[in-house]
file input.pdb (PDB, C-alpha atoms)
ATOM      1  CA  MET A  64     123.187 -56.185  14.822
ATOM      2  CA  ASP A  65     121.528 -53.901  12.280
ATOM      3  CA  GLY A  66     120.688 -56.809   9.982
ATOM      4  CA  PHE A  67     122.837 -55.657   7.054
ATOM      5  CA  GLY A  68     126.290 -56.873   8.026
ATOM      6  CA  ALA A  69     127.846 -60.058   6.660
ATOM      7  CA  ASN A  70     127.933 -61.740  10.032
ATOM      8  CA  GLU A  71     126.575 -65.184   9.249
ATOM      9  CA  GLY A  72     127.889 -67.709  11.734
ATOM     10  CA  VAL A  73     128.138 -65.135  14.541
ATOM     11  CA  ILE A  74     125.809 -65.822  17.450
ATOM     12  CA  MET A  75     125.385 -63.316  20.242
ATOM     13  CA  ILE A  76     124.019 -64.540  23.577
ATOM     14  CA  ALA A  77     122.968 -62.395  26.524
ATOM     15  CA  ALA A  78     121.276 -63.102  29.863
ATOM     16  CA  THR A  79     119.076 -60.977  32.088
ATOM     17  CA  ASN A  80     116.733 -61.326  35.056
ATOM     18  CA  ARG A  81     114.644 -58.358  33.857
ATOM     19  CA  PRO A  82     113.569 -58.902  30.219
ATOM     20  CA  ASP A  83     110.610 -56.558  30.832
ATOM     21  CA  ILE A  84     112.814 -53.450  30.892
ATOM     22  CA  LEU A  85     114.868 -54.150  27.739
ATOM     23  CA  ASP A  86     114.696 -51.664  24.873
ATOM     24  CA  PRO A  87     112.206 -53.036  22.268
ATOM     25  CA  ALA A  88     114.814 -52.250  19.576
ATOM     26  CA  LEU A  89     116.942 -55.079  20.991
ATOM     27  CA  MET A  90     114.087 -57.568  20.665
ATOM     28  CA  ARG A  91     113.297 -57.027  16.959
ATOM     29  CA  PRO A  92     113.810 -59.856  14.409
ATOM     30  CA  GLY A  93     117.456 -60.321  13.550
ATOM     31  CA  ARG A  94     118.637 -59.192  16.958
ATOM     32  CA  PHE A  95     117.797 -60.895  20.283
ATOM     33  CA  ASP A  96     114.737 -62.526  18.730
ATOM     34  CA  ARG A  97     115.109 -65.925  20.375
ATOM     35  CA  GLN A  98     114.256 -66.085  24.059
ATOM     36  CA  VAL A  99     114.993 -69.101  26.239
ATOM     37  CA  MET A 100     113.398 -69.095  29.685
ATOM     38  CA  VAL A 101     115.675 -70.768  32.242
ATOM     39  CA  GLY A 102     113.661 -71.763  35.309
ATOM     40  CA  TYR A 103     114.472 -73.861  38.362
ATOM     41  CA  PRO A 104     116.036 -77.235  37.484
ATOM     42  CA  ASP A 105     114.034 -80.419  38.016
ATOM     43  CA  ILE A 106     115.358 -83.443  39.884
ATOM     44  CA  LYS A 107     117.297 -84.754  36.864
ATOM     45  CA  GLY A 108     118.710 -81.291  36.177
ATOM     46  CA  ARG A 109     119.801 -80.882  39.810
ATOM     47  CA  GLU A 110     121.591 -84.232  39.726
ATOM     48  CA  GLU A 111     123.500 -83.262  36.570
ATOM     49  CA  ILE A 112     124.397 -79.851  38.059
ATOM     50  CA  LEU A 113     125.666 -81.556  41.215
ATOM     51  CA  LYS A 114     127.824 -83.889  39.095
ATOM     52  CA  VAL A 115     129.447 -80.871  37.429
ATOM     53  CA  HIS A 116     130.203 -79.094  40.709
ATOM     54  CA  ALA A 117     131.332 -82.317  42.413
ATOM     55  CA  ARG A 118     134.205 -82.723  39.939
ATOM     56  CA  GLY A 119     137.542 -82.274  41.605
ATOM     57  CA  LYS A 120     136.048 -82.545  45.099
ATOM     58  CA  PRO A 121     136.768 -85.585  47.301
ATOM     59  CA  ILE A 122     133.337 -87.182  47.840
ATOM     60  CA  ALA A 123     132.883 -89.932  50.438
ATOM     61  CA  PRO A 124     131.176 -93.230  49.432
ATOM     62  CA  ASP A 125     128.094 -92.459  51.565
ATOM     63  CA  VAL A 126     127.248 -89.388  49.440
ATOM     64  CA  ASN A 127     124.549 -90.069  46.862
ATOM     65  CA  LEU A 128     124.043 -87.165  44.449
ATOM     66  CA  LYS A 129     120.633 -88.518  43.425
ATOM     67  CA  THR A 130     119.471 -88.397  47.051
ATOM     68  CA  ILE A 131     120.749 -84.825  47.396
ATOM     69  CA  ALA A 132     118.914 -83.868  44.184
ATOM     70  CA  LYS A 133     115.661 -85.270  45.625
ATOM     71  CA  SER A 134     116.018 -83.276  48.860
ATOM     72  CA  THR A 135     116.881 -79.954  47.200
ATOM     73  CA  ALA A 136     113.664 -79.157  45.311
ATOM     74  CA  GLY A 137     113.538 -75.435  44.550
ATOM     75  CA  PHE A 138     117.343 -74.983  44.545
ATOM     76  CA  THR A 139     118.910 -73.106  41.642
ATOM     77  CA  GLY A 140     122.209 -74.055  40.007
ATOM     78  CA  ALA A 141     123.959 -71.382  42.080
ATOM     79  CA  ASP A 142     122.403 -72.784  45.280
ATOM     80  CA  LEU A 143     123.673 -76.273  44.449
ATOM     81  CA  GLU A 144     127.182 -74.977  43.717
ATOM     82  CA  ASN A 145     127.115 -73.065  46.998
ATOM     83  CA  LEU A 146     125.911 -76.188  48.823
ATOM     84  CA  LEU A 147     128.888 -78.297  47.688
ATOM     85  CA  ASN A 148     131.351 -75.464  48.334
ATOM     86  CA  GLU A 149     130.010 -75.025  51.880
ATOM     87  CA  ALA A 150     130.162 -78.793  52.431
ATOM     88  CA  ALA A 151     133.805 -78.788  51.281
ATOM     89  CA  LEU A 152     134.634 -75.972  53.728
ATOM     90  CA  LEU A 153     132.924 -77.825  56.593
ATOM     91  CA  ALA A 154     134.870 -80.995  55.773
ATOM     92  CA  ALA A 155     138.144 -79.023  55.670
ATOM     93  CA  ARG A 156     137.437 -77.478  59.096
ATOM     94  CA  LYS A 157     136.973 -80.980  60.502
ATOM     95  CA  SER A 158     140.235 -82.111  58.824
ATOM     96  CA  LEU A 159     138.352 -84.781  56.863
ATOM     97  CA  LYS A 160     139.794 -86.312  53.713
ATOM     98  CA  ALA A 161     136.398 -86.345  51.950
ATOM     99  CA  ILE A 162     132.984 -84.689  52.054
ATOM    100  CA  THR A 163     130.465 -86.911  53.853
ATOM    101  CA  MET A 164     126.664 -86.818  53.916
ATOM    102  CA  GLU A 165     126.784 -85.102  57.320
ATOM    103  CA  GLU A 166     128.548 -82.078  55.799
ATOM    104  CA  ILE A 167     126.043 -82.062  52.919
ATOM    105  CA  GLU A 168     123.149 -81.950  55.414
ATOM    106  CA  GLU A 169     124.702 -79.098  57.387
ATOM    107  CA  ALA A 170     125.544 -77.173  54.200
ATOM    108  CA  THR A 171     121.946 -77.539  52.941
ATOM    109  CA  ILE A 172     120.620 -75.926  56.121
ATOM    110  CA  LYS A 173     123.274 -73.198  55.935
ATOM    111  CA  VAL A 174     122.302 -72.329  52.339
ATOM    112  CA  VAL A 175     118.569 -72.235  53.166
ATOM    113  CA  VAL A 176     118.577 -70.582  56.611
ATOM    114  CA  GLY A 177     121.972 -68.951  57.150
ATOM    115  CA  THR A 178     125.063 -69.302  59.318
ATOM    116  CA  GLU A 179     124.636 -70.622  62.846
ATOM    117  CA  LYS A 180     125.368 -68.073  65.589
ATOM    118  CA  LYS A 181     126.907 -70.312  68.232
ATOM    119  CA  SER A 182     128.333 -67.378  70.195
ATOM    120  CA  HIS A 183     124.887 -65.901  70.932
ATOM    121  CA  VAL A 184     123.884 -66.578  74.543
ATOM    122  CA  MET A 185     120.131 -66.832  75.114
ATOM    123  CA  THR A 186     118.430 -66.230  78.449
ATOM    124  CA  GLU A 187     116.166 -68.935  79.879
ATOM    125  CA  LYS A 188     113.114 -66.843  79.010
ATOM    126  CA  GLU A 189     114.234 -66.381  75.384
ATOM    127  CA  LYS A 190     115.107 -70.058  75.096
ATOM    128  CA  THR A 191     111.699 -71.144  76.416
ATOM    129  CA  LEU A 192     109.855 -68.714  74.146
ATOM    130  CA  THR A 193     111.812 -69.821  71.058
ATOM    131  CA  ALA A 194     111.268 -73.507  71.926
ATOM    132  CA  TYR A 195     107.496 -73.019  72.073
ATOM    133  CA  HIS A 196     107.495 -70.784  68.983
ATOM    134  CA  GLU A 197     109.323 -73.330  66.804
ATOM    135  CA  GLY A 198     107.377 -76.182  68.395
ATOM    136  CA  GLY A 199     104.166 -74.419  67.344
ATOM    137  CA  HIS A 200     105.340 -74.275  63.723
ATOM    138  CA  ALA A 201     106.371 -77.940  63.758
ATOM    139  CA  VAL A 202     103.216 -79.338  65.394
ATOM    140  CA  SER A 203     101.017 -77.263  63.059
ATOM    141  CA  THR A 204     102.948 -78.617  60.087
ATOM    142  CA  TYR A 205     102.510 -82.218  61.228
ATOM    143  CA  PHE A 206      98.716 -81.911  61.360
ATOM    144  CA  CYS A 207      98.372 -80.149  57.986
ATOM    145  CA  PRO A 208      98.257 -82.932  55.343
ATOM    146  CA  THR A 209      99.413 -80.791  52.387
ATOM    147  CA  GLN A 210     102.609 -79.588  54.083
ATOM    148  CA  ASP A 211     106.095 -80.955  53.442
ATOM    149  CA  PRO A 212     107.511 -82.979  56.364
ATOM    150  CA  VAL A 213     109.633 -81.317  59.033
ATOM    151  CA  HIS A 214     113.332 -81.873  58.317
ATOM    152  CA  GLN A 215     114.898 -80.142  61.325
ATOM    153  CA  ILE A 216     113.933 -77.820  64.186
ATOM    154  CA  SER A 217     116.428 -75.582  65.982
ATOM    155  CA  ILE A 218     116.373 -72.804  68.563
ATOM    156  CA  ILE A 219     119.956 -71.769  67.775
ATOM    157  CA  PRO A 220     119.900 -68.402  65.960
ATOM    158  CA  ARG A 221     120.842 -68.520  62.273
ATOM    159  CA  GLY A 222     121.096 -65.541  59.964
ATOM    160  CA  MET A 223     118.330 -63.104  60.938
ATOM    161  CA  ALA A 224     116.202 -65.827  62.565
ATOM    162  CA  GLY A 225     116.153 -66.636  66.287
ATOM    163  CA  GLY A 226     115.349 -70.254  65.424
ATOM    164  CA  TYR A 227     113.848 -72.206  62.556
ATOM    165  CA  THR A 228     111.593 -75.083  61.583
ATOM    166  CA  MET A 229     112.891 -76.403  58.275
ATOM    167  CA  GLN A 230     110.778 -78.271  55.757
ATOM    168  CA  ILE A 231     112.264 -79.816  52.626
ATOM    169  CA  PRO A 232     109.945 -80.409  49.631
ATOM    170  CA  THR A 233     109.553 -84.065  48.703
ATOM    171  CA  GLU A 234     108.799 -83.326  45.041
ATOM    172  CA  ASP A 235     109.026 -80.615  42.377
ATOM    173  CA  ARG A 236     105.892 -78.488  42.072
ATOM    174  CA  SER A 237     104.850 -76.030  39.411
ATOM    175  CA  TYR A 238     101.729 -74.735  41.169
ATOM    176  CA  LYS A 239      99.991 -74.556  44.556
ATOM    177  CA  SER A 240      96.369 -75.263  45.395
ATOM    178  CA  ARG A 241      94.152 -73.067  47.556
ATOM    179  CA  LYS A 242      94.120 -75.711  50.306
ATOM    180  CA  GLU A 243      97.924 -75.792  50.378
ATOM    181  CA  MET A 244      98.077 -72.014  50.682
ATOM    182  CA  GLN A 245      95.455 -71.992  53.444
ATOM    183  CA  GLU A 246      97.560 -74.528  55.359
ATOM    184  CA  ASP A 247     100.673 -72.418  54.698
ATOM    185  CA  LEU A 248      98.899 -69.670  56.649
ATOM    186  CA  VAL A 249      98.137 -72.111  59.480
ATOM    187  CA  VAL A 250     101.817 -73.122  59.736
ATOM    188  CA  LEU A 251     103.082 -69.527  59.541
ATOM    189  CA  LEU A 252     100.851 -68.557  62.475
ATOM    190  CA  GLY A 253     101.881 -71.620  64.503
ATOM    191  CA  GLY A 254     104.631 -69.774  66.385
ATOM    192  CA  ARG A 255     102.447 -66.833  67.446
ATOM    193  CA  VAL A 256      99.581 -69.107  68.566
ATOM    194  CA  ALA A 257     101.951 -71.389  70.525
ATOM    195  CA  GLU A 258     103.361 -68.383  72.403
ATOM    196  CA  ALA A 259      99.864 -67.177  73.300
ATOM    197  CA  LEU A 260      98.649 -70.602  74.471
ATOM    198  CA  ALA A 261     101.717 -71.836  76.355
ATOM    199  CA  LEU A 262     103.139 -68.607  77.762
ATOM    200  CA  ASP A 263     100.010 -66.440  77.943
ATOM    201  CA  ASP A 264     101.920 -63.689  76.120
ATOM    202  CA  ILE A 265     103.152 -62.849  72.633
ATOM    203  CA  SER A 266     106.457 -61.468  71.319
ATOM    204  CA  THR A 267     108.011 -59.732  68.322
ATOM    205  CA  GLY A 268     109.470 -63.073  67.205
ATOM    206  CA  ALA A 269     106.479 -63.699  64.939
ATOM    207  CA  SER A 270     106.842 -60.437  62.969
ATOM    208  CA  ASN A 271     108.341 -62.077  59.875
ATOM    209  CA  ASP A 272     105.791 -64.929  60.017
ATOM    210  CA  ILE A 273     102.912 -62.441  60.138
ATOM    211  CA  GLU A 274     104.402 -60.386  57.304
ATOM    212  CA  ARG A 275     104.755 -63.452  55.078
ATOM    213  CA  ALA A 276     101.282 -64.717  55.975
ATOM    214  CA  THR A 277      99.680 -61.341  55.216
ATOM    215  CA  LYS A 278     101.495 -61.121  51.875
ATOM    216  CA  LEU A 279     100.322 -64.650  50.986
ATOM    217  CA  ALA A 280      96.724 -63.875  51.988
ATOM    218  CA  ARG A 281      96.785 -60.676  49.895
ATOM    219  CA  SER A 282      98.077 -62.605  46.873
ATOM    220  CA  MET A 283      95.311 -65.196  47.304
ATOM    221  CA  VAL A 284      92.709 -62.416  47.211
ATOM    222  CA  THR A 285      94.106 -59.977  44.628
ATOM    223  CA  LYS A 286      96.344 -62.117  42.420
ATOM    224  CA  TYR A 287      95.036 -65.686  42.362
ATOM    225  CA  GLY A 288      91.282 -65.030  42.656
ATOM    226  CA  MET A 289      90.804 -67.534  45.493
ATOM    227  CA  THR A 290      87.883 -65.889  47.314
ATOM    228  CA  ASP A 291      84.171 -66.237  46.548
ATOM    229  CA  ALA A 292      83.379 -62.609  47.410
ATOM    230  CA  LEU A 293      85.658 -61.166  44.707
ATOM    231  CA  GLY A 294      85.839 -64.069  42.267
ATOM    232  CA  PRO A 295      88.545 -64.937  39.715
ATOM    233  CA  ILE A 296      89.628 -61.354  39.055
ATOM    234  CA  THR A 297      93.057 -59.745  39.446
ATOM    235  CA  TYR A 298      93.031 -56.526  41.462
ATOM    236  CA  GLY A 299      95.964 -54.138  41.185
ATOM    237  CA  GLN A 300      99.074 -54.454  39.069
ATOM    238  CA  ASP A 301     102.743 -54.534  39.996
ATOM    239  CA  GLN A 302     104.964 -52.351  37.834
ATOM    240  CA  GLY A 303     108.723 -52.616  37.983
ATOM    241  CA  GLU A 304     110.989 -49.594  38.096
ATOM    242  CA  PRO A 305     113.540 -49.480  35.242
ATOM    243  CA  PHE A 306     116.282 -48.412  37.647
ATOM    244  CA  LEU A 307     118.368 -50.765  39.765
ATOM    245  CA  GLY A 308     117.881 -50.462  43.495
ATOM    246  CA  ARG A 309     114.349 -49.078  43.238
ATOM    247  CA  ASP A 310     111.265 -50.695  44.749
ATOM    248  CA  MET A 311     108.431 -52.200  42.756
ATOM    249  CA  GLY A 312     105.518 -49.864  42.151
ATOM    250  CA  HIS A 313     101.882 -50.885  42.561
ATOM    251  CA  ILE A 314      99.099 -49.588  40.346
ATOM    252  CA  ARG A 315      95.674 -49.621  41.988
ATOM    253  CA  ASN A 316      92.912 -50.112  39.426
ATOM    254  CA  TYR A 317      89.939 -50.735  41.691
ATOM    255  CA  SER A 318      87.483 -48.659  43.720
ATOM    256  CA  GLU A 319      87.445 -47.789  47.424
ATOM    257  CA  GLU A 320      84.521 -50.178  47.863
ATOM    258  CA  THR A 321      86.538 -53.038  46.349
ATOM    259  CA  ALA A 322      89.544 -52.072  48.502
ATOM    260  CA  SER A 323      87.340 -52.435  51.578
ATOM    261  CA  ILE A 324      86.193 -55.905  50.450
ATOM    262  CA  ILE A 325      89.814 -56.916  49.798
ATOM    263  CA  ASP A 326      90.759 -55.886  53.351
ATOM    264  CA  LYS A 327      87.845 -57.892  54.760
ATOM    265  CA  GLU A 328      88.755 -60.990  52.749
ATOM    266  CA  ILE A 329      92.410 -60.809  53.833
ATOM    267  CA  LYS A 330      91.345 -60.476  57.459
ATOM    268  CA  SER A 331      88.907 -63.374  57.041
ATOM    269  CA  LEU A 332      91.659 -65.650  55.656
ATOM    270  CA  MET A 333      94.025 -64.705  58.484
ATOM    271  CA  THR A 334      91.361 -65.111  61.194
ATOM    272  CA  THR A 335      90.262 -68.499  59.844
ATOM    273  CA  ALA A 336      93.888 -69.694  59.722
ATOM    274  CA  TYR A 337      94.557 -68.399  63.256
ATOM    275  CA  ASN A 338      91.476 -70.179  64.633
ATOM    276  CA  ARG A 339      92.451 -73.439  62.930
ATOM    277  CA  THR A 340      96.012 -73.194  64.258
ATOM    278  CA  GLU A 341      94.652 -72.533  67.738
ATOM    279  CA  SER A 342      92.344 -75.546  67.473
ATOM    280  CA  ILE A 343      95.209 -77.832  66.357
ATOM    281  CA  LEU A 344      97.577 -76.730  69.127
ATOM    282  CA  LYS A 345      94.935 -76.847  71.866
ATOM    283  CA  GLU A 346      94.032 -80.399  70.856
ATOM    284  CA  HIS A 347      97.696 -81.478  70.813
ATOM    285  CA  MET A 348      99.033 -79.354  73.653
ATOM    286  CA  ASP A 349     100.820 -82.346  75.176
ATOM    287  CA  LYS A 350     102.858 -82.757  71.990
ATOM    288  CA  LEU A 351     103.702 -79.046  71.926
ATOM    289  CA  HIS A 352     105.000 -79.242  75.519
ATOM    290  CA  GLU A 353     107.056 -82.331  74.712
ATOM    291  CA  VAL A 354     108.635 -80.803  71.584
ATOM    292  CA  ALA A 355     109.386 -77.556  73.462
ATOM    293  CA  LYS A 356     110.988 -79.487  76.345
ATOM    294  CA  PHE A 357     113.193 -81.472  73.935
ATOM    295  CA  LEU A 358     114.253 -78.286  72.108
ATOM    296  CA  TYR A 359     115.013 -76.498  75.391
ATOM    297  CA  GLN A 360     117.284 -79.331  76.499
ATOM    298  CA  ASN A 361     118.909 -80.253  73.159
ATOM    299  CA  GLU A 362     118.520 -77.066  71.045
ATOM    300  CA  LYS A 363     118.033 -79.162  67.879
ATOM    301  CA  MET A 364     115.657 -81.870  66.758
ATOM    302  CA  THR A 365     115.856 -83.940  63.576
ATOM    303  CA  GLY A 366     112.860 -84.787  61.422
ATOM    304  CA  GLU A 367     113.059 -88.442  62.500
ATOM    305  CA  GLN A 368     113.087 -87.545  66.208
ATOM    306  CA  PHE A 369     110.138 -85.207  65.696
ATOM    307  CA  LYS A 370     108.132 -87.833  63.810
ATOM    308  CA  GLU A 371     108.782 -90.471  66.493
ATOM    309  CA  MET A 372     107.735 -88.041  69.222
ATOM    310  CA  MET A 373     104.517 -87.133  67.409
ATOM    311  CA  GLN A 374     103.611 -90.810  66.926
ATOM    312  CA  GLU A 375     104.050 -91.680  70.622
ATOM    313  CA  LYS A 376     100.713 -92.148  72.387
ATOM    314  CA  LYS A 377     101.388 -90.986  75.938
ATOM    315  CA  PRO A 378     104.419 -88.731  76.466
ATOM    316  CA  ASP A 379     105.882 -88.669  79.953
ATOM    317  CA  LEU A 380     105.887 -84.958  80.830
ATOM    318  CA  PRO A 381     107.391 -83.217  83.866
ATOM    319  CA  GLU A 382     105.381 -80.767  85.942
ATOM    320  CA  GLU A 383     107.261 -77.825  84.463
ATOM    321  CA  LEU A 384     109.627 -76.967  81.636
ATOM    322  CA  PRO A 385     113.230 -76.044  82.522
ATOM    323  CA  GLY A 386     113.155 -72.325  83.055
ATOM    324  CA  GLY A 387     110.204 -72.445  85.443
ATOM    325  CA  VAL A 388     107.318 -72.511  82.970
ATOM    326  CA  PRO A 389     104.509 -74.653  84.445
ATOM    327  CA  LEU A 390     102.897 -77.180  82.129
ATOM    328  CA  SER A 391      99.778 -77.975  84.130
ATOM    329  CA  GLY A 392      98.117 -74.593  83.594
ATOM    330  CA  ALA A 393      98.598 -74.505  79.844
ATOM    331  CA  THR A 394      96.596 -77.520  78.734
ATOM    332  CA  ALA A 395      93.785 -77.467  76.196
ATOM    333  CA  GLU A 396      90.444 -76.172  77.414
TER     334      GLU A 396
END
call {"tool": "encode", "arguments": {"input": "input.pdb", "output": "structure tokens"}}
result
Amino acid sequence: MDGFGANEGVIMIAATNRPDILDPALMRPGRFDRQVMVGYPDIKGREEILKVHARGKPIAPDVNLKTIAKSTAGFTGADLENLLNEAALLAARKSLKAITMEEIEEATIKVVVGTEKKSHVMTEKEKTLTAYHEGGHAVSTYFCPTQDPVHQISIIPRGMAGGYTMQIPTEDRSYKSRKEMQEDLVVLLGGRVAEALALDDISTGASNDIERATKLARSMVTKYGMTDALGPITYGQDQGEPFLGRDMGHIRNYSEETASIIDKEIKSLMTTAYNRTESILKEHMDKLHEVAKFLYQNEKMTGEQFKEMMQEKKPDLPEELPGGVPLSGATAE
């Protein structure tokens, strides 16, 4: 690779996830001087990847790879391979002769959220809290126009999560608007607000939601320039460590005064989102109770069931949720 050898016709290819830490000597002309950025596949790319990984696997007639490609926006090639492998394992456990769409659906959720912990026994209090928490996420999502539709809600623990509200993107996106990100904050805070309104208490279950929301709000302020007070300016700079296993460093290139404004803007975004979430859930408290009741009794709810429930005009509610939580005292003020 020194440029003097008679090596015409020899092509060397290498791949890395960290091109920023490569020795500049490797990147000079005549060496690795052609760079090809491989991003997430689009819908056509996902379909072709699925065709490759579906070879040799018994696929049932009801499985449509194009439909799977549409519902897996944001999946990498490795995710898609994992999805079909998991679906094949699920079909084998059921002693099926072919992989059906049901196994594909279950495998998609397993890849995104994690393995279901069926052995975990929840107390009535935990079950009620999780039902309201996930119901809060789902109802908030329904009334935020920019959000992807709810695909499934569950209060069965999976991976590190005690429950989940799963949304599947309906289309490939290369960017996000400020309104979408503001509504992301509203949805992330839906669980915490639902707990406070319905149970008059809050729990540690929202810790990951709050962490993600705070990180998003900080990025909106310091990275994307989405606040009027600070304008379209980037504050701070992330610097990667050249050693594996080390955390990312952060270089602060702004004053204490600016740091104070950044903190205020982040708090303002979070407070505004919290107030909007609270307003949505108070206005549709009957729907929150109904979703929580269904989740308590059935543990899972499909996107179709959720949509039908949200479109019903007058739900028939009991006086209290199983577990002894009264519904009459938790209505909107």
call {"tool": "closest_residue", "arguments": {"input": "input.pdb", "among": "A:Ala259, A:Met289, A:Val284, A:Ile273", "to": "Arg241 in chain A", "atoms": "all atoms listed in the file"}}
result
A:Met289
call {"tool": "resolve_selection", "arguments": {"input": "input.pdb", "expression": "the PyMOL selection byres ((chain A and resi 210) around 12)", "output": "PyMOL selection string"}}
result
chain A and resi 200-209+211-214+229-234+239-240+242-251
call {"tool": "resolve_selection", "arguments": {"input": "input.pdb", "expression": "the PyMOL selection byres ((chain A and resi 142-152) around 7)", "output": "JSON, numbers by chain"}}
result
{"A": [113, 116, 138, 139, 140, 141, 153, 154, 155, 156, 162, 166, 167, 170, 171, 174]}
call {"tool": "closest_residue", "arguments": {"input": "input.pdb", "among": "A:Tyr359, A:Tyr103, A:Phe369, A:Phe95", "to": "Met185 in chain A", "atoms": "all atoms listed in the file"}}
result
A:Tyr359
call {"tool": "resolve_selection", "arguments": {"input": "input.pdb", "expression": "the PyMOL selection byres ((chain A and resi 121-131) around 6)", "output": "VMD selection string"}}
result
chain A and resid 110 120 132 to 134 161 to 164
call {"tool": "atom_distance", "arguments": {"input": "input.pdb", "atom1": "CA of Glu258 in chain A", "atom2": "CA of Leu192 in chain A"}}
result
6.7 Å
call {"tool": "atom_distance", "arguments": {"input": "input.pdb", "atom1": "CA of Ile216 in chain A", "atom2": "CA of Glu367 in chain A"}}
result
10.8 Å
call {"tool": "atom_distance", "arguments": {"input": "input.pdb", "atom1": "CA of Arg255 in chain A", "atom2": "CA of Gly366 in chain A"}}
result
21.6 Å
call {"tool": "residues_near_point", "arguments": {"input": "input.pdb", "point": "(105.3, -69.7, 64.5)", "cutoff": "8 Å", "atoms": "all atoms listed in the file", "output": "PDB file with C-alpha atoms, keeping the file's coordinate frame"}}
result
ATOM      1  CA  HIS A 196     107.495 -70.784  68.983  1.00  0.00           C
ATOM      2  CA  GLU A 197     109.323 -73.330  66.804  1.00  0.00           C
ATOM      3  CA  GLY A 198     107.377 -76.182  68.395  1.00  0.00           C
ATOM      4  CA  GLY A 199     104.166 -74.419  67.344  1.00  0.00           C
ATOM      5  CA  HIS A 200     105.340 -74.275  63.723  1.00  0.00           C
ATOM      6  CA  VAL A 250     101.817 -73.122  59.736  1.00  0.00           C
ATOM      7  CA  LEU A 251     103.082 -69.527  59.541  1.00  0.00           C
ATOM      8  CA  LEU A 252     100.851 -68.557  62.475  1.00  0.00           C
ATOM      9  CA  GLY A 253     101.881 -71.620  64.503  1.00  0.00           C
ATOM     10  CA  GLY A 254     104.631 -69.774  66.385  1.00  0.00           C
ATOM     11  CA  ARG A 255     102.447 -66.833  67.446  1.00  0.00           C
ATOM     12  CA  VAL A 256      99.581 -69.107  68.566  1.00  0.00           C
ATOM     13  CA  ALA A 257     101.951 -71.389  70.525  1.00  0.00           C
ATOM     14  CA  ALA A 269     106.479 -63.699  64.939  1.00  0.00           C
ATOM     15  CA  ASP A 272     105.791 -64.929  60.017  1.00  0.00           C
TER      16      ASP A 272
END
call {"tool": "closest_residue", "arguments": {"input": "input.pdb", "among": "A:Leu85, A:Val101, A:Leu260, A:Val354", "to": "Thr340 in chain A", "atoms": "all atoms listed in the file"}}
result
A:Leu260
call {"tool": "closest_residue", "arguments": {"input": "input.pdb", "among": "A:Lys188, A:Arg221, A:Lys327, A:Lys350", "to": "Ala292 in chain A", "atoms": "all atoms listed in the file"}}
result
A:Lys327
call {"tool": "closest_residue", "arguments": {"input": "input.pdb", "among": "A:Ile76, A:Ile325, A:Val99, A:Ala136", "to": "Arg236 in chain A", "atoms": "all atoms listed in the file"}}
result
A:Ala136
call {"tool": "closest_residue", "arguments": {"input": "input.pdb", "among": "A:Thr186, A:Val73, A:Thr277, A:Pro295", "to": "Tyr337 in chain A", "atoms": "all atoms listed in the file"}}
result
A:Thr277
